[in-house]
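Source file protein.pdb; content: PDB, C-alpha atoms and all ligand atoms.
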```pdb
ATOM      1  CA  MET A   1       0.897  -1.991   6.418  1.00  0.00           C
ATOM      2  CA  TYR A   2       1.267  -5.221   8.412  1.00  0.00           C
ATOM      3  CA  ASP A   3       3.682  -7.247   6.280  1.00  0.00           C
ATOM      4  CA  GLY A   4       3.713 -10.885   7.197  1.00  0.00           C
ATOM      5  CA  LEU A   5       0.668 -10.763   9.470  1.00  0.00           C
ATOM      6  CA  ASP A   6      -1.293 -13.033   7.090  1.00  0.00           C
ATOM      7  CA  ASP A   7       1.499 -15.614   7.276  1.00  0.00           C
ATOM      8  CA  HIS A   8       1.409 -15.507  11.057  1.00  0.00           C
ATOM      9  CA  LEU A   9      -2.340 -16.024  11.128  1.00  0.00           C
ATOM     10  CA  LEU A  10      -2.099 -18.918   8.666  1.00  0.00           C
ATOM     11  CA  LEU A  11       0.587 -20.547  10.826  1.00  0.00           C
ATOM     12  CA  TRP A  12      -1.654 -20.148  13.835  1.00  0.00           C
ATOM     13  CA  GLU A  13      -4.577 -21.700  11.996  1.00  0.00           C
ATOM     14  CA  LYS A  14      -2.495 -24.601  10.716  1.00  0.00           C
ATOM     15  CA  HIS A  15      -0.431 -25.453  13.777  1.00  0.00           C
ATOM     16  CA  GLY A  16      -2.268 -23.793  16.669  1.00  0.00           C
ATOM     17  CA  TRP A  17       0.922 -21.852  17.282  1.00  0.00           C
ATOM     18  CA  ALA A  18       2.769 -18.946  15.675  1.00  0.00           C
ATOM     19  CA  PRO A  19       5.749 -16.846  16.739  1.00  0.00           C
ATOM     20  CA  PRO A  20       4.965 -13.415  18.206  1.00  0.00           C
ATOM     21  CA  TYR A  21       4.239 -10.922  15.433  1.00  0.00           C
ATOM     22  CA  ARG A  22       5.160  -7.807  17.384  1.00  0.00           C
ATOM     23  CA  MET A  23       7.575  -7.001  20.187  1.00  0.00           C
ATOM     24  CA  HIS A  24       7.405  -3.879  22.382  1.00  0.00           C
ATOM     25  CA  ILE A  25      10.623  -2.553  23.833  1.00  0.00           C
ATOM     26  CA  CYS A  26      10.443  -0.013  26.669  1.00  0.00           C
ATOM     27  CA  LEU A  27      13.737   1.840  26.610  1.00  0.00           C
ATOM     28  CA  THR A  28      13.326   3.748  29.855  1.00  0.00           C
ATOM     29  CA  ASP A  29      10.980   4.857  32.627  1.00  0.00           C
ATOM     30  CA  HIS A  30      12.474   8.345  32.580  1.00  0.00           C
ATOM     31  CA  CYS A  31      10.929  11.311  30.771  1.00  0.00           C
ATOM     32  CA  ASN A  32      11.537  15.024  30.298  1.00  0.00           C
ATOM     33  CA  LEU A  33       7.810  15.900  30.533  1.00  0.00           C
ATOM     34  CA  GLU A  34       5.387  15.799  33.455  1.00  0.00           C
ATOM     35  CA  CYS A  35       2.072  14.903  31.871  1.00  0.00           C
ATOM     36  CA  LEU A  36      -0.833  15.044  34.291  1.00  0.00           C
ATOM     37  CA  ALA A  37      -2.183  11.657  33.233  1.00  0.00           C
ATOM     38  CA  CYS A  38       1.152   9.840  33.182  1.00  0.00           C
ATOM     39  CA  TRP A  39       1.359   6.524  35.001  1.00  0.00           C
ATOM     40  CA  ARG A  40       4.787   7.602  36.306  1.00  0.00           C
ATOM     41  CA  PHE A  41       3.161   9.989  38.779  1.00  0.00           C
ATOM     42  CA  ALA A  42       0.704   7.517  40.276  1.00  0.00           C
ATOM     43  CA  PRO A  43       1.470   7.103  43.997  1.00  0.00           C
ATOM     44  CA  GLU A  44       2.450   3.467  43.590  1.00  0.00           C
ATOM     45  CA  HIS A  45       5.028   4.329  40.901  1.00  0.00           C
ATOM     46  CA  ARG A  46       6.295   7.800  41.780  1.00  0.00           C
ATOM     47  CA  ASN A  47       9.041   6.582  44.080  1.00  0.00           C
ATOM     48  CA  ASN A  48       9.680   3.343  42.312  1.00  0.00           C
ATOM     49  CA  LEU A  49      10.887   4.289  38.833  1.00  0.00           C
ATOM     50  CA  SER A  50      13.868   2.317  37.624  1.00  0.00           C
ATOM     51  CA  TYR A  51      15.800   5.153  35.997  1.00  0.00           C
ATOM     52  CA  PRO A  52      18.759   5.180  35.988  1.00  0.00           C
ATOM     53  CA  ARG A  53      19.318   2.161  38.178  1.00  0.00           C
ATOM     54  CA  ASN A  54      18.204  -1.232  36.952  1.00  0.00           C
ATOM     55  CA  GLU A  55      17.472  -0.124  33.392  1.00  0.00           C
ATOM     56  CA  THR A  56      18.224  -2.803  30.844  1.00  0.00           C
ATOM     57  CA  SER A  57      21.629  -2.198  29.283  1.00  0.00           C
ATOM     58  CA  ASP A  58      22.137  -1.031  25.702  1.00  0.00           C
ATOM     59  CA  ILE A  59      23.946  -4.254  24.850  1.00  0.00           C
ATOM     60  CA  ARG A  60      21.096  -6.418  26.138  1.00  0.00           C
ATOM     61  CA  LEU A  61      18.404  -4.474  24.290  1.00  0.00           C
ATOM     62  CA  LEU A  62      20.366  -4.534  21.038  1.00  0.00           C
ATOM     63  CA  LYS A  63      20.830  -8.297  21.369  1.00  0.00           C
ATOM     64  CA  LEU A  64      17.092  -8.601  21.856  1.00  0.00           C
ATOM     65  CA  ILE A  65      16.589  -7.531  18.238  1.00  0.00           C
ATOM     66  CA  ASP A  66      18.674 -10.471  17.015  1.00  0.00           C
ATOM     67  CA  GLU A  67      16.678 -12.787  19.270  1.00  0.00           C
ATOM     68  CA  ALA A  68      13.410 -11.348  17.958  1.00  0.00           C
ATOM     69  CA  VAL A  69      14.524 -12.045  14.381  1.00  0.00           C
ATOM     70  CA  GLY A  70      15.353 -15.616  15.385  1.00  0.00           C
ATOM     71  CA  LEU A  71      11.886 -16.023  16.863  1.00  0.00           C
ATOM     72  CA  GLY A  72      10.165 -14.781  13.716  1.00  0.00           C
ATOM     73  CA  VAL A  73       9.023 -11.382  15.007  1.00  0.00           C
ATOM     74  CA  LYS A  74       8.062  -9.006  12.171  1.00  0.00           C
ATOM     75  CA  GLU A  75       7.515  -5.686  13.916  1.00  0.00           C
ATOM     76  CA  ILE A  76       9.113  -3.901  16.849  1.00  0.00           C
ATOM     77  CA  GLU A  77       7.648  -0.948  18.697  1.00  0.00           C
ATOM     78  CA  LEU A  78       9.983   1.311  20.667  1.00  0.00           C
ATOM     79  CA  THR A  79       8.055   2.933  23.449  1.00  0.00           C
ATOM     80  CA  GLY A  80       7.812   3.725  27.163  1.00  0.00           C
ATOM     81  CA  GLY A  81       7.698   3.500  30.088  1.00  0.00           C
ATOM     82  CA  GLY A  82       9.074   6.953  29.614  1.00  0.00           C
ATOM     83  CA  GLU A  83      10.356   8.845  26.595  1.00  0.00           C
ATOM     84  CA  PRO A  84      12.522   6.660  24.289  1.00  0.00           C
ATOM     85  CA  PHE A  85      14.714   9.597  23.226  1.00  0.00           C
ATOM     86  CA  VAL A  86      15.921  10.082  26.809  1.00  0.00           C
ATOM     87  CA  ARG A  87      18.234   7.245  25.744  1.00  0.00           C
ATOM     88  CA  ARG A  88      18.905   8.866  22.405  1.00  0.00           C
ATOM     89  CA  ASN A  89      21.979   6.891  21.324  1.00  0.00           C
ATOM     90  CA  LEU A  90      20.284   3.626  22.196  1.00  0.00           C
ATOM     91  CA  ALA A  91      17.116   4.648  20.320  1.00  0.00           C
ATOM     92  CA  ARG A  92      19.201   5.416  17.213  1.00  0.00           C
ATOM     93  CA  GLU A  93      21.137   2.141  17.406  1.00  0.00           C
ATOM     94  CA  LEU A  94      17.963   0.114  17.929  1.00  0.00           C
ATOM     95  CA  MET A  95      16.287   1.751  14.934  1.00  0.00           C
ATOM     96  CA  LYS A  96      19.316   1.008  12.758  1.00  0.00           C
ATOM     97  CA  ARG A  97      19.401  -2.627  13.848  1.00  0.00           C
ATOM     98  CA  ILE A  98      15.647  -3.082  13.398  1.00  0.00           C
ATOM     99  CA  LYS A  99      15.687  -1.758   9.843  1.00  0.00           C
ATOM    100  CA  GLU A 100      18.905  -3.604   8.936  1.00  0.00           C
ATOM    101  CA  ALA A 101      17.134  -6.789  10.055  1.00  0.00           C
ATOM    102  CA  GLY A 102      14.262  -6.002   7.666  1.00  0.00           C
ATOM    103  CA  LEU A 103      11.658  -5.580  10.416  1.00  0.00           C
ATOM    104  CA  ARG A 104       8.855  -3.055  10.538  1.00  0.00           C
ATOM    105  CA  GLY A 105       9.622  -0.334  13.089  1.00  0.00           C
ATOM    106  CA  THR A 106       7.305   1.937  15.016  1.00  0.00           C
ATOM    107  CA  ILE A 107       8.099   4.407  17.789  1.00  0.00           C
ATOM    108  CA  THR A 108       5.959   6.337  20.250  1.00  0.00           C
ATOM    109  CA  THR A 109       7.550   9.569  21.444  1.00  0.00           C
ATOM    110  CA  ASN A 110       6.554  12.907  22.919  1.00  0.00           C
ATOM    111  CA  GLY A 111       8.499  14.447  20.031  1.00  0.00           C
ATOM    112  CA  THR A 112      10.343  17.033  22.124  1.00  0.00           C
ATOM    113  CA  LEU A 113      13.868  15.578  22.179  1.00  0.00           C
ATOM    114  CA  LEU A 114      14.504  14.670  18.540  1.00  0.00           C
ATOM    115  CA  SER A 115      17.255  16.556  16.741  1.00  0.00           C
ATOM    116  CA  TYR A 116      17.145  17.202  12.995  1.00  0.00           C
ATOM    117  CA  ASP A 117      19.865  14.578  12.668  1.00  0.00           C
ATOM    118  CA  ASP A 118      17.612  12.011  14.387  1.00  0.00           C
ATOM    119  CA  ILE A 119      14.838  12.877  11.948  1.00  0.00           C
ATOM    120  CA  ARG A 120      17.184  12.512   8.961  1.00  0.00           C
ATOM    121  CA  LEU A 121      18.325   9.134  10.256  1.00  0.00           C
ATOM    122  CA  MET A 122      14.763   7.859  10.657  1.00  0.00           C
ATOM    123  CA  VAL A 123      13.634   8.970   7.213  1.00  0.00           C
ATOM    124  CA  ASP A 124      16.826   7.652   5.576  1.00  0.00           C
ATOM    125  CA  LEU A 125      16.472   4.308   7.348  1.00  0.00           C
ATOM    126  CA  GLY A 126      12.933   3.960   6.045  1.00  0.00           C
ATOM    127  CA  TRP A 127      11.497   3.948   9.570  1.00  0.00           C
ATOM    128  CA  ASP A 128       7.858   2.914   9.227  1.00  0.00           C
ATOM    129  CA  GLU A 129       5.730   4.679  11.821  1.00  0.00           C
ATOM    130  CA  VAL A 130       6.150   7.613  14.191  1.00  0.00           C
ATOM    131  CA  ILE A 131       3.523   8.314  16.844  1.00  0.00           C
ATOM    132  CA  ILE A 132       3.919  11.711  18.498  1.00  0.00           C
ATOM    133  CA  SER A 133       1.799  12.123  21.613  1.00  0.00           C
ATOM    134  CA  LEU A 134      -0.168  15.346  21.998  1.00  0.00           C
ATOM    135  CA  ASP A 135      -3.138  16.028  24.246  1.00  0.00           C
ATOM    136  CA  GLY A 136      -4.590  19.102  22.568  1.00  0.00           C
ATOM    137  CA  PRO A 137      -4.659  21.058  19.288  1.00  0.00           C
ATOM    138  CA  THR A 138      -3.080  24.222  20.725  1.00  0.00           C
ATOM    139  CA  ALA A 139      -0.148  25.058  22.989  1.00  0.00           C
ATOM    140  CA  GLU A 140      -2.526  26.488  25.558  1.00  0.00           C
ATOM    141  CA  ILE A 141      -4.456  23.226  25.965  1.00  0.00           C
ATOM    142  CA  ASN A 142      -1.645  20.782  25.375  1.00  0.00           C
ATOM    143  CA  ASP A 143       0.913  22.381  27.691  1.00  0.00           C
ATOM    144  CA  LYS A 144      -1.550  22.457  30.589  1.00  0.00           C
ATOM    145  CA  LEU A 145      -1.910  18.685  30.257  1.00  0.00           C
ATOM    146  CA  ARG A 146       1.664  17.987  29.178  1.00  0.00           C
ATOM    147  CA  PRO A 147       3.923  20.422  31.053  1.00  0.00           C
ATOM    148  CA  PRO A 148       6.373  22.078  31.016  1.00  0.00           C
ATOM    149  CA  LYS A 149       5.344  25.015  28.862  1.00  0.00           C
ATOM    150  CA  GLY A 150       6.790  24.832  25.381  1.00  0.00           C
ATOM    151  CA  SER A 151       6.294  21.095  24.877  1.00  0.00           C
ATOM    152  CA  PHE A 152       3.618  21.639  22.199  1.00  0.00           C
ATOM    153  CA  ASN A 153       5.861  23.875  20.111  1.00  0.00           C
ATOM    154  CA  LYS A 154       8.752  21.426  20.371  1.00  0.00           C
ATOM    155  CA  SER A 155       6.565  18.526  19.235  1.00  0.00           C
ATOM    156  CA  LEU A 156       5.189  20.666  16.408  1.00  0.00           C
ATOM    157  CA  GLU A 157       8.711  21.577  15.339  1.00  0.00           C
ATOM    158  CA  THR A 158       9.529  17.857  15.133  1.00  0.00           C
ATOM    159  CA  ILE A 159       6.453  17.131  13.012  1.00  0.00           C
ATOM    160  CA  THR A 160       7.333  20.039  10.706  1.00  0.00           C
ATOM    161  CA  SER A 161      10.942  18.863  10.441  1.00  0.00           C
ATOM    162  CA  PHE A 162       9.830  15.373   9.417  1.00  0.00           C
ATOM    163  CA  LYS A 163       7.686  16.876   6.697  1.00  0.00           C
ATOM    164  CA  LYS A 164      10.499  19.205   5.585  1.00  0.00           C
ATOM    165  CA  TYR A 165      13.135  16.465   5.348  1.00  0.00           C
ATOM    166  CA  LYS A 166      10.795  14.046   3.596  1.00  0.00           C
ATOM    167  CA  LEU A 167      10.123  16.702   0.964  1.00  0.00           C
ATOM    168  CA  GLU A 168      13.824  17.579   0.659  1.00  0.00           C
ATOM    169  CA  SER A 169      14.955  13.966   0.389  1.00  0.00           C
ATOM    170  CA  GLY A 170      12.071  12.743  -1.745  1.00  0.00           C
ATOM    171  CA  LYS A 171      11.608   9.887   0.768  1.00  0.00           C
ATOM    172  CA  ASP A 172       8.093   9.436   1.949  1.00  0.00           C
ATOM    173  CA  ASN A 173       8.234   6.031   3.457  1.00  0.00           C
ATOM    174  CA  TYR A 174       6.423   6.108   6.751  1.00  0.00           C
ATOM    175  CA  TYR A 175       3.152   6.793   8.354  1.00  0.00           C
ATOM    176  CA  GLN A 176       3.031   9.613  10.870  1.00  0.00           C
ATOM    177  CA  ARG A 177       0.456  10.127  13.559  1.00  0.00           C
ATOM    178  CA  SER A 178       0.516  12.950  16.007  1.00  0.00           C
ATOM    179  CA  PHE A 179      -2.380  12.701  18.350  1.00  0.00           C
ATOM    180  CA  GLN A 180      -3.879  10.604  21.069  1.00  0.00           C
ATOM    181  CA  GLY A 181      -7.537  11.647  20.863  1.00  0.00           C
ATOM    182  CA  GLN A 182      -8.574  12.292  17.279  1.00  0.00           C
ATOM    183  CA  ARG A 183     -11.756  14.193  18.061  1.00  0.00           C
ATOM    184  CA  PHE A 184      -9.747  16.921  19.800  1.00  0.00           C
ATOM    185  CA  PHE A 185      -7.819  17.620  16.613  1.00  0.00           C
ATOM    186  CA  ARG A 186     -10.556  18.567  14.179  1.00  0.00           C
ATOM    187  CA  GLY A 187      -9.262  21.350  11.956  1.00  0.00           C
ATOM    188  CA  ARG A 188      -5.597  20.540  12.655  1.00  0.00           C
ATOM    189  CA  ASN A 189      -4.855  18.460   9.561  1.00  0.00           C
ATOM    190  CA  ASP A 190      -1.342  19.929   9.607  1.00  0.00           C
ATOM    191  CA  LEU A 191      -0.621  17.735  12.631  1.00  0.00           C
ATOM    192  CA  SER A 192      -1.195  14.422  10.933  1.00  0.00           C
ATOM    193  CA  ARG A 193      -1.032  12.603   7.656  1.00  0.00           C
ATOM    194  CA  ASP A 194      -1.568   9.113   6.329  1.00  0.00           C
TER
HETATM  195  S1  LIG A 201       5.485  12.010  27.578  1.00  0.00           S
HETATM  196 FE1  LIG A 201       4.689   9.994  28.107  1.00  0.00          FE
HETATM  197  S2  LIG A 201       6.140   9.141  29.582  1.00  0.00           S
HETATM  198 FE2  LIG A 201       6.525  11.348  29.443  1.00  0.00          FE
HETATM  199  S3  LIG A 201       5.365  12.234  31.142  1.00  0.00           S
HETATM  200 FE3  LIG A 201       4.104  12.304  29.291  1.00  0.00          FE
HETATM  201  S4  LIG A 201       2.844  10.434  29.321  1.00  0.00           S
HETATM  202 FE4  LIG A 201       4.561  10.161  30.777  1.00  0.00          FE
END
```
Take the structure in the file and give it back as structure tokens.
Ligand code: SF4
Amino acid sequence: MYDGLDDHLLLWEKHGWAPPYRMHICLTDHCNLECLACWRFAPEHRNNLSYPRNETSDIRLLKLIDEAVGLGVKEIELTGGGEPFVRRNLARELMKRIKEAGLRGTITTNGTLLSYDDIRLMVDLGWDEVIISLDGPTAEINDKLRPPKGSFNKSLETITSFKKYKLESGKDNYYQRSFQGQRFFRGRNDLSRD
């Protein structure tokens, strides 16, 4: 799962230094959900979110991938901040560039903004890991913690669409997770797979 990690550790052991193995890129502070536990609603952040002003430009973030390759980075995680797919075109372009560069790619998303075309792109690219955040095994529980109402069903639709397209295309190249707290999801094996 972690290609190249052994090499990084050996470099570290030999030279006392190794390039970063993983880079996290936060695409945005903005999000379409209003989760109760989200850092964005803490008093010190609520009025200080960067979206849309001061967000790093598309061009700069895309160039960062080239710089990461030059440094020897092996894996890039696209995450928040907020919801990566708020900047949908950027998310797609970053994923393309990451996979074209031969890096491992992982993304954390609330799963509510992906179109079927996004899902096709990710499976076709050979995207490696998708983490879809849920806070409960049913709409009733999840949507109370992750409003607005309907977010659970949208995330579920995304998970189902990934499974559908992987079956259709015969490509089964990534690892999908769909929960934050595993113990809450007993009996919902349909929401995850290894
Ligand atoms: S999906 Fe993530 S970023 Fe969006 S409100 Fe919920 S916790 Fe915050």
**Message:** Can you translate the PyMOL selection byres (((not hetatm)) within 10 of (chain A and resi 201)) into the concrete residues it hits in this file, as a PyMOL selection string?
**Reply:** chain A and resi 28-41+79-84+86+108-112+132-135+145-148+151
Take the residues from that selection and put them in a file with C-alpha atoms, as a CSV table (one decimal), in the coordinates of the input.
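Dumped to part_15.csv:
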```csv
chain,number,residue,atom,x,y,z
A,28,THR,CA,13.3,3.7,29.9
A,29,ASP,CA,11.0,4.9,32.6
A,30,HIS,CA,12.5,8.3,32.6
A,31,CYS,CA,10.9,11.3,30.8
A,32,ASN,CA,11.5,15.0,30.3
A,33,LEU,CA,7.8,15.9,30.5
A,34,GLU,CA,5.4,15.8,33.5
A,35,CYS,CA,2.1,14.9,31.9
A,36,LEU,CA,-0.8,15.0,34.3
A,37,ALA,CA,-2.2,11.7,33.2
A,38,CYS,CA,1.2,9.8,33.2
A,39,TRP,CA,1.4,6.5,35.0
A,40,ARG,CA,4.8,7.6,36.3
A,41,PHE,CA,3.2,10.0,38.8
A,79,THR,CA,8.1,2.9,23.4
A,80,GLY,CA,7.8,3.7,27.2
A,81,GLY,CA,7.7,3.5,30.1
A,82,GLY,CA,9.1,7.0,29.6
A,83,GLU,CA,10.4,8.8,26.6
A,84,PRO,CA,12.5,6.7,24.3
A,86,VAL,CA,15.9,10.1,26.8
A,108,THR,CA,6.0,6.3,20.2
A,109,THR,CA,7.6,9.6,21.4
A,110,ASN,CA,6.6,12.9,22.9
A,111,GLY,CA,8.5,14.4,20.0
A,112,THR,CA,10.3,17.0,22.1
A,132,ILE,CA,3.9,11.7,18.5
A,133,SER,CA,1.8,12.1,21.6
A,134,LEU,CA,-0.2,15.3,22.0
A,135,ASP,CA,-3.1,16.0,24.2
A,145,LEU,CA,-1.9,18.7,30.3
A,146,ARG,CA,1.7,18.0,29.2
A,147,PRO,CA,3.9,20.4,31.1
A,148,PRO,CA,6.4,22.1,31.0
A,151,SER,CA,6.3,21.1,24.9
```
**Prompt:** Contacts of Ala68 of chain A at 12 Å or less, counting only C-alpha atoms, minus same-chain residues fewer than 4 places along, as an MDAnalysis selection string?
**Reply:** chainID A and resid 19:25 61:64 72:77 97:98 101:103
**Message:** Can you pull out the residues contacting Leu121 of chain A? Cut-off 9 Å, using only C-alpha atoms, and skip same-chain residues under 6 positions away; I want them as a ChimeraX atom specification.
**Reply:** /A:92,95-96,127
**Message:** Just to confirm, what's the straight-line distance from atom CA of Asn153 of chain A to atom CA of Lys171 of chain A in Å (one decimal)?
**Reply:**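 Pair atom CA of Asn153 of chain A / atom CA of Lys171 of chain A returns 24.6 Å.
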**Request:** Rounded to one decimal place, report the atom CA of Asp118 of chain A-atom CA of Leu90 of chain A distance in Å.
**Result:** 11.8 Å
**Message:** Using all atoms listed in the file, can you tell me which of A:Leu156, A:Ser57, A:Met122, A:Trp12 comes closest to Pro137 of chain A?
**Reply:** A:Leu156
**Request:** Could you jot down the atom CA of Arg87 of chain A to atom CA of Ser115 of chain A separation for me, Å, one decimal place?
**Result:** 13.0 Å
Quick one: axis-aligned box around all listed atoms of segment 32-38 of chain A, 4 Å on every side, centre and edge lengths in Å to one decimal, written as AutoDock Vina command-line options.
```
--center_x 4.7 --center_y 12.9 --center_z 32.3 --size_x 21.7 --size_y 14.1 --size_z 12.0
```
